[in-house]
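Shown here: coords24.cif, mmCIF, C-alpha atoms.
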```
data_protein
loop_
_atom_site.label_atom_id
_atom_site.label_comp_id
_atom_site.auth_asym_id
_atom_site.auth_seq_id
_atom_site.Cartn_x
_atom_site.Cartn_y
_atom_site.Cartn_z
CA MET O 62 91.73 119.42 78.50
CA SER O 63 94.57 117.39 80.04
CA LEU O 64 98.26 117.08 79.26
CA ASP O 65 99.54 114.92 76.40
CA LEU O 66 101.19 111.94 78.07
CA SER O 67 103.84 109.34 77.29
CA ILE O 68 103.58 106.30 79.56
CA LEU O 69 107.03 104.70 79.88
CA ILE O 70 107.34 101.12 81.17
CA PRO O 71 110.83 99.67 81.77
CA ALA O 72 110.64 95.88 81.64
CA HIS O 73 113.34 93.28 82.30
CA ASN O 74 112.09 89.68 82.05
CA GLU O 75 108.56 90.63 83.04
CA ALA O 76 106.69 87.88 81.19
CA GLY O 77 104.78 87.04 84.35
CA TYR O 78 103.76 90.65 85.06
CA ILE O 79 103.56 92.69 81.87
CA GLU O 80 100.13 91.37 80.84
CA PRO O 81 98.23 92.60 83.93
CA CYS O 82 100.09 95.93 83.64
CA LEU O 83 99.05 96.43 80.01
CA ASP O 84 95.53 95.05 80.56
CA ALA O 85 95.00 97.69 83.24
CA LEU O 86 96.22 100.48 80.96
CA LEU O 87 93.77 99.32 78.29
CA GLN O 88 90.98 99.83 80.83
CA CYS O 89 92.07 103.37 81.71
CA ASP O 90 89.71 106.28 81.26
CA ASP O 91 90.17 108.69 78.38
CA THR O 92 92.46 111.53 79.43
CA GLY O 93 91.05 114.03 76.95
CA ALA O 94 94.47 114.38 75.31
CA ALA O 95 96.99 112.35 73.33
CA VAL O 96 98.53 109.33 75.06
CA GLU O 97 101.18 106.85 73.94
CA VAL O 98 102.62 103.80 75.70
CA ILE O 99 106.26 102.72 75.34
CA VAL O 100 107.56 99.45 76.77
CA MET O 101 111.35 99.52 77.14
CA ALA O 102 112.22 95.82 77.22
CA ASN O 103 115.83 95.74 78.37
CA GLY O 104 118.05 92.68 78.25
CA CYS O 105 115.07 90.31 78.19
CA SER O 106 115.67 86.58 77.78
CA ASP O 107 112.01 85.64 78.19
CA ALA O 108 108.82 86.39 76.24
CA THR O 109 108.39 89.98 77.46
CA VAL O 110 108.89 91.52 74.00
CA LYS O 111 106.59 89.07 72.25
CA ILE O 112 103.86 89.48 74.85
CA ALA O 113 104.03 93.27 74.80
CA ARG O 114 103.95 93.43 70.99
CA GLY O 115 100.87 91.25 71.08
CA TYR O 116 99.03 94.24 72.61
CA GLU O 117 99.81 96.69 69.79
CA ALA O 118 96.51 96.22 67.95
CA ARG O 119 94.41 96.62 71.09
CA PHE O 120 96.20 99.81 72.08
CA ALA O 121 95.85 101.14 68.53
CA GLN O 122 92.12 100.52 68.75
CA LYS O 123 92.02 102.43 72.05
CA GLY O 124 93.84 105.33 70.37
CA TRP O 125 96.91 104.97 72.58
CA PRO O 126 99.67 103.77 70.23
CA LEU O 127 102.00 101.20 71.80
CA ARG O 128 105.66 100.83 70.89
CA VAL O 129 108.01 98.16 72.23
CA LEU O 130 111.72 98.94 72.34
CA ASP O 131 113.80 95.74 72.32
CA LEU O 132 116.98 96.93 74.03
CA PRO O 133 119.85 94.42 74.07
CA GLU O 134 121.35 95.59 77.36
CA GLY O 135 119.67 95.24 80.72
CA GLY O 136 119.44 98.08 83.22
CA LYS O 137 116.55 100.21 84.36
CA MET O 138 118.30 103.57 84.01
CA GLY O 139 119.34 102.88 80.44
CA ALA O 140 115.79 101.78 79.69
CA LEU O 141 114.34 104.95 81.19
CA ASN O 142 116.70 107.09 79.13
CA ALA O 143 115.79 105.17 75.96
CA GLY O 144 112.11 105.69 76.72
CA ASP O 145 112.59 109.40 77.26
CA ALA O 146 114.48 109.67 73.97
CA ALA O 147 111.66 107.92 72.12
CA ALA O 148 108.77 109.72 73.84
CA ARG O 149 106.69 112.11 71.74
CA HIS O 150 104.73 113.89 74.48
CA VAL O 151 105.88 116.39 77.09
CA GLY O 152 104.08 114.73 79.98
CA ARG O 153 105.82 111.61 81.26
CA ALA O 154 104.42 108.83 83.43
CA TYR O 155 106.97 106.22 84.53
CA VAL O 156 105.26 102.94 85.44
CA ASP O 157 106.95 99.77 86.68
CA ALA O 158 106.01 96.69 84.67
CA ASP O 159 104.61 94.87 87.71
CA VAL O 160 102.23 97.70 88.66
CA VAL O 161 98.49 97.55 87.99
CA VAL O 162 96.90 100.99 87.70
CA SER O 163 93.27 101.81 88.40
CA ALA O 164 91.09 103.07 85.57
CA ALA O 165 91.11 106.70 86.70
CA LEU O 166 94.81 107.09 87.47
CA MET O 167 96.25 108.26 84.14
CA ALA O 168 93.47 110.79 83.54
CA GLN O 169 93.93 112.23 87.04
CA LEU O 170 97.71 112.44 86.60
CA ALA O 171 97.35 114.16 83.21
CA GLU O 172 94.89 116.65 84.67
CA VAL O 173 96.98 117.66 87.68
CA LEU O 174 100.10 118.00 85.51
CA ASP O 175 98.40 120.30 83.00
CA THR O 176 100.14 123.50 84.09
CA ASP O 177 103.25 125.48 83.25
CA ALA O 178 104.50 125.16 86.84
CA PRO O 179 106.83 122.22 87.54
CA ARG O 180 104.87 119.34 89.03
CA TYR O 181 105.37 115.76 90.15
CA ALA O 182 102.42 113.46 90.72
CA SER O 183 101.51 109.94 91.70
CA GLY O 184 98.51 107.99 92.91
CA ASP O 185 97.52 106.23 96.12
CA PRO O 186 99.61 103.03 96.42
CA VAL O 187 98.00 99.76 97.46
CA VAL O 188 100.74 97.37 98.58
CA THR O 189 99.99 93.73 97.77
CA ALA O 190 101.48 90.34 98.69
CA GLU O 191 99.78 87.28 97.24
CA HIS O 192 101.90 84.34 98.35
CA SER O 193 103.94 84.97 101.51
CA ALA O 194 102.14 85.28 104.85
CA PHE O 195 105.22 86.98 106.33
CA THR O 196 105.26 89.56 103.54
CA ARG O 197 101.55 90.26 104.01
CA VAL O 198 102.11 90.99 107.70
CA TYR O 199 105.19 93.11 106.98
CA ALA O 200 103.46 94.98 104.15
CA ARG O 201 100.46 95.77 106.35
CA PHE O 202 102.69 97.60 108.83
CA TRP O 203 104.97 99.17 106.21
CA ALA O 204 102.01 100.57 104.26
CA ASP O 205 100.84 102.33 107.44
CA LEU O 206 104.10 104.25 107.87
CA PRO O 207 104.01 108.02 107.22
CA PHE O 208 106.12 107.60 104.07
CA CYS O 209 103.21 105.71 102.51
CA THR O 210 100.24 107.42 104.12
CA HIS O 211 101.41 111.03 103.81
CA GLY O 212 103.01 112.97 100.99
CA VAL O 213 103.59 111.46 97.56
CA PRO O 214 105.85 108.39 97.80
CA GLY O 215 105.73 107.59 94.08
CA PHE O 216 107.20 104.08 94.23
CA GLY O 217 106.06 102.10 91.19
CA VAL O 218 104.41 105.10 89.47
CA PHE O 219 105.41 108.73 89.16
CA ALA O 220 104.67 111.37 86.55
CA VAL O 221 105.96 114.83 85.66
CA ASN O 222 105.02 117.61 83.28
CA ALA O 223 107.35 119.34 80.82
CA ALA O 224 108.66 121.88 83.33
CA GLY O 225 109.12 119.12 85.87
CA ARG O 226 111.09 116.92 83.49
CA LYS O 227 113.64 119.71 83.16
CA ARG O 228 114.57 119.25 86.82
CA TRP O 229 117.03 116.49 85.90
CA ASP O 230 118.93 115.49 82.78
CA GLY O 231 119.27 111.84 81.86
CA PHE O 232 118.69 109.22 84.52
CA PRO O 233 122.09 108.66 86.19
CA ASP O 234 123.53 105.27 87.09
CA ILE O 235 122.04 105.09 90.57
CA ILE O 236 119.82 102.62 92.41
CA SER O 237 116.84 104.72 93.40
CA ASP O 238 115.43 106.59 90.41
CA ASP O 239 112.14 107.32 92.20
CA THR O 240 113.92 108.92 95.18
CA LEU O 241 116.02 111.15 92.92
CA VAL O 242 113.01 112.34 90.94
CA ARG O 243 110.74 112.82 93.96
CA LEU O 244 113.34 114.90 95.81
CA SER O 245 113.89 117.03 92.71
CA PHE O 246 110.57 118.67 93.68
CA ALA O 247 109.66 120.59 96.80
CA PRO O 248 106.75 119.16 98.82
CA HIS O 249 104.36 121.82 97.50
CA GLU O 250 105.21 120.73 93.92
CA ARG O 251 104.26 117.09 94.57
CA PHE O 252 100.64 116.00 94.11
CA ARG O 253 98.90 112.80 95.18
CA VAL O 254 95.78 112.08 93.17
CA PRO O 255 92.94 109.97 94.64
CA ALA O 256 93.13 107.11 92.13
CA ASN O 257 95.14 104.12 93.28
CA TYR O 258 97.48 101.55 91.84
CA ARG O 259 98.55 98.09 93.03
CA TRP O 260 102.24 97.60 93.80
CA PRO O 261 103.46 94.08 94.65
CA MET O 262 105.95 93.74 97.48
CA ILE O 263 108.66 91.12 97.18
CA GLU O 264 107.67 87.80 98.74
CA GLY O 265 109.53 86.08 101.58
CA PHE O 266 111.80 87.05 104.46
CA GLY O 267 115.17 86.69 102.72
CA PRO O 268 114.19 88.62 99.59
CA LEU O 269 112.60 91.33 101.78
CA VAL O 270 115.88 91.81 103.63
CA ARG O 271 117.89 92.01 100.40
CA VAL O 272 115.53 94.48 98.76
CA ARG O 273 115.16 96.61 101.90
CA ARG O 274 118.97 96.74 102.19
CA ARG O 275 119.21 97.81 98.55
CA GLN O 276 116.56 100.48 99.10
CA ASP O 277 118.47 101.88 102.06
CA ILE O 278 121.68 101.94 100.02
CA GLY O 279 119.84 103.69 97.18
CA VAL O 280 118.48 106.42 99.44
CA ALA O 281 121.92 106.95 101.03
CA GLU O 282 123.43 107.14 97.54
CA VAL O 283 121.06 109.94 96.54
CA LYS O 284 121.78 111.76 99.80
CA THR O 285 125.52 111.56 99.17
CA LEU O 286 125.51 112.42 95.47
CA TYR O 287 122.74 115.05 95.55
CA PRO O 288 122.86 116.69 99.00
CA GLN O 289 121.13 119.79 97.66
CA LEU O 290 117.95 117.77 97.18
CA TRP O 291 117.75 116.51 100.74
CA GLY O 292 115.87 119.56 101.94
CA ASN O 293 112.89 118.43 99.84
CA HIS O 294 112.10 115.55 102.17
CA ASP O 295 108.63 115.74 103.65
CA ALA O 296 108.51 116.96 107.23
CA TRP O 297 107.34 114.38 109.75
CA PRO O 298 103.54 114.68 109.76
CA THR O 299 102.18 115.99 113.03
CA ASP O 300 99.08 113.79 112.80
CA ALA O 301 100.99 110.54 112.21
CA PRO O 302 100.58 107.99 115.02
CA LEU O 303 103.69 107.43 117.11
CA LEU O 304 105.61 104.24 116.37
CA TRP O 305 104.73 102.65 119.70
CA ARG O 306 101.04 103.29 119.05
CA ARG O 307 101.30 101.62 115.65
CA ALA O 308 103.16 98.74 117.31
CA LEU O 309 100.37 98.28 119.86
CA ARG O 310 97.78 98.42 117.12
CA ASP O 311 99.58 95.81 115.00
CA PRO O 312 102.15 93.89 117.12
CA ALA O 313 102.66 91.15 114.52
CA GLY O 314 103.29 93.71 111.79
CA PHE O 315 105.70 95.64 114.00
CA ALA O 316 107.58 92.45 114.86
CA ALA O 317 107.97 91.58 111.16
CA TYR O 318 109.07 95.12 110.35
CA ALA O 319 111.56 95.20 113.24
CA VAL O 320 113.09 91.81 112.42
CA VAL O 321 113.62 92.76 108.77
CA GLY O 322 115.15 96.07 109.88
CA LEU O 323 117.50 94.24 112.24
CA PHE O 324 118.71 91.80 109.60
CA VAL O 325 119.22 94.67 107.13
CA ARG O 326 121.75 96.15 109.56
CA LEU O 327 123.65 92.94 110.28
CA PRO O 328 127.03 92.43 108.56
CA HIS O 329 126.59 90.94 105.11
CA ARG O 330 128.45 90.15 101.96
CA THR O 331 128.61 92.83 99.30
CA GLN O 332 125.63 92.37 97.00
CA GLU O 333 124.91 93.39 93.47
CA ARG O 334 123.51 96.87 92.96
CA TRP O 335 120.44 95.47 91.22
CA VAL O 336 117.99 93.24 93.09
CA ARG O 337 114.50 92.53 91.78
CA GLY O 338 112.07 94.66 93.75
CA ARG O 339 109.49 91.94 94.14
#
```
Would it be possible to restate this file's structure as structure tokens?
Amino acid sequence: MSLDLSILIPAHNEAGYIEPCLDALLQCDDTGAAVEVIVMANGCSDATVKIARGYEARFAQKGWPLRVLDLPEGGKMGALNAGDAAARHVGRAYVDADVVVSAALMAQLAEVLDTDAPRYASGDPVVTAEHSAFTRVYARFWADLPFCTHGVPGFGVFAVNAAGRKRWDGFPDIISDDTLVRLSFAPHERFRVPANYRWPMIEGFGPLVRVRRRQDIGVAEVKTLYPQLWGNHDAWPTDAPLLWRRALRDPAGFAAYAVVGLFVRLPHRTQERWVRGR
């Protein structure tokens, strides 16, 4: 028997992405327990709500009831809090609306979370880039960094059990919700299941710089506001290849990664706190 699970999907103007996300969930294996899906459409001015509600009958047939919350205000943190308030099950899986999960992922998450001990879990991320050649080269190198290959990064998908959800109250008004939640658990409380999921990286050099800058600001924000959590960072893996070895193995990828990193650190105008992650 696995843990009862609420799958929470924040969605802001995701008409071009929500269908593959929901199609993949419809193909998921049975978890052996109760599952519900909640789409928190926040501040949408496109067809996200209509598209998501069009899936209600198919999810009902699967036995995973789907609800769509049409929230007037945009904002991921508000959407996550609204989803938590509406959720019926103690297990929570937070899934970005542009993520495509593999069939086995939800069942594996529900199984590993089925314990009284606090746990955090995610799958094996597959970073994708369909349109930009530069992004594909950058993503190839970035996905080979220890943050992605070791530990449980959790970007795009993370899940917790009831004891784990008690580690934080409501989602605060910060940039990096996944960093806050991941660091609320010690490394031995974080579990990476074998099943994968596809996570699209933002396309193009300029957008990559803006999103990478925002990510860095978000991590620094968590470090400043929640210094007590910083000790939960994963130690540098002893078996990870040295940076220069990775650079020799993939010089084009290293060059793309280094150039983006350089431009992130150049002086820039103050930007909005929210930048689309892909």
Dump as a Markdown table the rows for residues of region 80-177 of chain O within 6 Å of region 246-264 of chain O: closest atom pair and distance in Å with one decimal, all atoms listed in the file counted, ordered by chain and rising residue number.
```
| residue | atom | partner | partner_atom | distance |
| --- | --- | --- | --- | --- |
| O:Val160 | CA | O:Trp260 | CA | 5.1 |
| O:Val161 | CA | O:Arg259 | CA | 5.1 |
| O:Val162 | CA | O:Tyr258 | CA | 4.2 |
| O:Ser163 | CA | O:Tyr258 | CA | 5.4 |
| O:Ala165 | CA | O:Ala256 | CA | 5.8 |
| O:Leu166 | CA | O:Ala256 | CA | 5.0 |
```
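Nearest to Thr189 (chain O) of all the residues O:Ala204, O:Leu132, O:Leu83, O:Ala147 is O:Ala204, counting all atoms listed in the file.
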Which centre and which edge lengths, in Å to one decimal, describe the axis-aligned box that holds all listed atoms of region 254-257 of chain O after 4 Å is added on each side, as lines of an AutoDock Vina configuration file?
```
center_x = 94.4
center_y = 108.1
center_z = 93.4
size_x = 10.8
size_y = 16.0
size_z = 10.5
```
### Task
For the file shown, report as a ChimeraX atom specification the outcome of the PyMOL selection byres ((chain O and resi 313) around 12) at residue level.
/O:194-203,307-312,314-320
### Summary
Using all atoms listed in the file, the shortest atom-to-atom distance to Gly77 (chain O) among O:Ala94, O:Met138, O:Ala158, O:Ala121 belongs to O:Ala158
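Once the PyMOL selection byres ((chain O and resi 170-177) around 7) is applied to this file, the selection holds O:Ser63, O:Leu64, O:Leu66, O:Thr92, O:Leu166, O:Met167, O:Ala168, O:Gln169, O:Ala178, O:Pro179, O:Arg180, O:Ala182, O:Ser183, O:Val221, O:Asn222, O:Ala224, O:Val254.
For Ala281 (chain O), the list of residues within 12 Å, based on only C-alpha atoms and with local chain neighbours fewer than 6 positions off taken out, reads O:Ile235, O:Ile236, O:Ser237, O:Thr240, O:Leu241, O:Arg274, O:Arg275, O:Tyr287, O:Pro288, O:Trp291.
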What's the 9 Å shell around Cys105 (chain O), counting all atoms listed in the file, without same-chain residues fewer than 2 positions away, as a PDB file with C-alpha atoms, keeping the file's coordinate frame?
```
ATOM      1  CA  ALA O  72     110.640  95.880  81.640  1.00  0.00           C
ATOM      2  CA  HIS O  73     113.340  93.280  82.300  1.00  0.00           C
ATOM      3  CA  ASN O  74     112.090  89.680  82.050  1.00  0.00           C
ATOM      4  CA  GLU O  75     108.560  90.630  83.040  1.00  0.00           C
ATOM      5  CA  ALA O 102     112.220  95.820  77.220  1.00  0.00           C
ATOM      6  CA  ASN O 103     115.830  95.740  78.370  1.00  0.00           C
ATOM      7  CA  ASP O 107     112.010  85.640  78.190  1.00  0.00           C
ATOM      8  CA  ALA O 108     108.820  86.390  76.240  1.00  0.00           C
ATOM      9  CA  THR O 109     108.390  89.980  77.460  1.00  0.00           C
ATOM     10  CA  VAL O 110     108.890  91.520  74.000  1.00  0.00           C
ATOM     11  CA  ASP O 131     113.800  95.740  72.320  1.00  0.00           C
ATOM     12  CA  LEU O 132     116.980  96.930  74.030  1.00  0.00           C
ATOM     13  CA  PRO O 133     119.850  94.420  74.070  1.00  0.00           C
ATOM     14  CA  GLU O 134     121.350  95.590  77.360  1.00  0.00           C
ATOM     15  CA  GLY O 135     119.670  95.240  80.720  1.00  0.00           C
TER      16      GLY O 135
END
```
## Note on the structure
Students should find that CA of His150 (chain O) and CA of Cys89 (chain O) are spaced 18.0 Å
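Rounded to one decimal, CA of Phe216 (chain O) and CA of Pro186 (chain O) lie 8.0 Å from each other.
Across the structure, CA of His211 (chain O) and CA of Arg306 (chain O) are spaced 17.1 Å apart.
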#### Entry: Nearby residues (all atoms listed in the file) at most 10 Å from Arg114 (chain O), same-chain spacing under 6 positions excluded, as an NGL selection string
:O and (100 or 127-130)
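Here the question is which of O:Pro328, O:Pro298, O:Pro268, O:Gly231 gets nearest to Asp145 (chain O) using only C-alpha atoms, and that residue is O:Gly231.
Residue nearest Arg273 (chain O), chosen from O:Trp125, O:Phe324, O:Phe120, O:Phe219 and counting all atoms listed in the file: O:Phe324.
Proximity to Gly215 (chain O) was assessed for O:Asp84, O:Asp230, O:Asp157, O:Asp65 counting all atoms listed in the file; the smallest distance is recorded for O:Asp157.
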Please evaluate the PyMOL selection byres ((chain O and resi 68) around 7) against the displayed coordinates and give the resulting residues as a PDB file with C-alpha atoms, keeping the file's coordinate frame.
```pdb
ATOM      1  CA  LEU O  66     101.190 111.940  78.070  1.00  0.00           C
ATOM      2  CA  SER O  67     103.840 109.340  77.290  1.00  0.00           C
ATOM      3  CA  LEU O  69     107.030 104.700  79.880  1.00  0.00           C
ATOM      4  CA  ILE O  70     107.340 101.120  81.170  1.00  0.00           C
ATOM      5  CA  GLU O  97     101.180 106.850  73.940  1.00  0.00           C
ATOM      6  CA  VAL O  98     102.620 103.800  75.700  1.00  0.00           C
ATOM      7  CA  ILE O  99     106.260 102.720  75.340  1.00  0.00           C
ATOM      8  CA  ARG O 153     105.820 111.610  81.260  1.00  0.00           C
ATOM      9  CA  ALA O 154     104.420 108.830  83.430  1.00  0.00           C
ATOM     10  CA  TYR O 155     106.970 106.220  84.530  1.00  0.00           C
ATOM     11  CA  VAL O 156     105.260 102.940  85.440  1.00  0.00           C
TER      12      VAL O 156
END
```
Taking a cut-off of 10 Å and counting all atoms listed in the file, can you build a table that, for each residue of region 173-288 of chain O near region 299-304 of chain O, reports the nearest atom pair and how far apart they are in Å (one decimal), sorted by chain then residue number, as a Markdown table?
```
| residue | atom | partner | partner_atom | distance |
| --- | --- | --- | --- | --- |
| O:Asp205 | CA | O:Pro302 | CA | 9.5 |
| O:Leu206 | CA | O:Ala301 | CA | 8.3 |
| O:Pro207 | CA | O:Ala301 | CA | 6.4 |
| O:Thr210 | CA | O:Ala301 | CA | 8.7 |
| O:His211 | CA | O:Ala301 | CA | 8.4 |
```
## Note on the structure
Using only C-alpha atoms, the shortest atom-to-atom distance to Ser193 (chain O) among O:Ala118, O:Leu269, O:Val321, O:Val218 belongs to O:Leu269
Write only N, CA, C and O atoms for region 70-82 of chain O from the block just shown, as a short mmCIF file (atom, residue, chain, number, x, y, z; two decimals), in the first residue's frame.
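Wrote out14.cif, looks like this:
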```cif
data_model
loop_
_atom_site.label_atom_id
_atom_site.label_comp_id
_atom_site.auth_asym_id
_atom_site.auth_seq_id
_atom_site.Cartn_x
_atom_site.Cartn_y
_atom_site.Cartn_z
N ILE O 70 -0.61 21.39 -9.01
CA ILE O 70 0.03 21.94 -10.21
C ILE O 70 -0.28 23.44 -10.30
O ILE O 70 -1.37 23.84 -10.72
N PRO O 71 0.65 24.31 -9.90
CA PRO O 71 0.44 25.75 -10.12
C PRO O 71 0.60 26.07 -11.61
O PRO O 71 1.51 25.57 -12.27
N ALA O 72 -0.29 26.89 -12.14
CA ALA O 72 -0.28 27.15 -13.58
C ALA O 72 -0.65 28.61 -13.85
O ALA O 72 -1.75 29.04 -13.50
N HIS O 73 0.27 29.33 -14.46
CA HIS O 73 0.01 30.72 -14.86
C HIS O 73 0.21 30.82 -16.37
O HIS O 73 1.33 30.70 -16.87
N ASN O 74 -0.88 30.97 -17.11
CA ASN O 74 -0.83 31.08 -18.58
C ASN O 74 -0.01 29.94 -19.19
O ASN O 74 0.98 30.15 -19.89
N GLU O 75 -0.46 28.73 -18.91
CA GLU O 75 0.25 27.53 -19.35
C GLU O 75 -0.51 26.79 -20.46
O GLU O 75 -0.41 25.57 -20.57
N ALA O 76 -1.24 27.54 -21.29
CA ALA O 76 -2.04 26.89 -22.34
C ALA O 76 -1.19 26.06 -23.28
O ALA O 76 -1.65 25.06 -23.84
N GLY O 77 0.06 26.43 -23.46
CA GLY O 77 0.93 25.67 -24.36
C GLY O 77 1.61 24.49 -23.71
O GLY O 77 2.30 23.73 -24.40
N TYR O 78 1.44 24.31 -22.39
CA TYR O 78 2.18 23.28 -21.66
C TYR O 78 1.29 22.36 -20.83
O TYR O 78 1.69 21.22 -20.53
N ILE O 79 0.13 22.83 -20.41
CA ILE O 79 -0.66 22.07 -19.45
C ILE O 79 -1.17 20.76 -20.02
O ILE O 79 -1.32 19.77 -19.29
N GLU O 80 -1.42 20.71 -21.33
CA GLU O 80 -1.94 19.46 -21.92
C GLU O 80 -0.93 18.31 -21.82
O GLU O 80 -1.29 17.22 -21.35
N PRO O 81 0.33 18.49 -22.25
CA PRO O 81 1.28 17.38 -22.08
C PRO O 81 1.47 16.98 -20.62
O PRO O 81 1.65 15.79 -20.32
N CYS O 82 1.41 17.96 -19.71
CA CYS O 82 1.54 17.66 -18.28
C CYS O 82 0.40 16.75 -17.82
O CYS O 82 0.63 15.72 -17.17
#
```
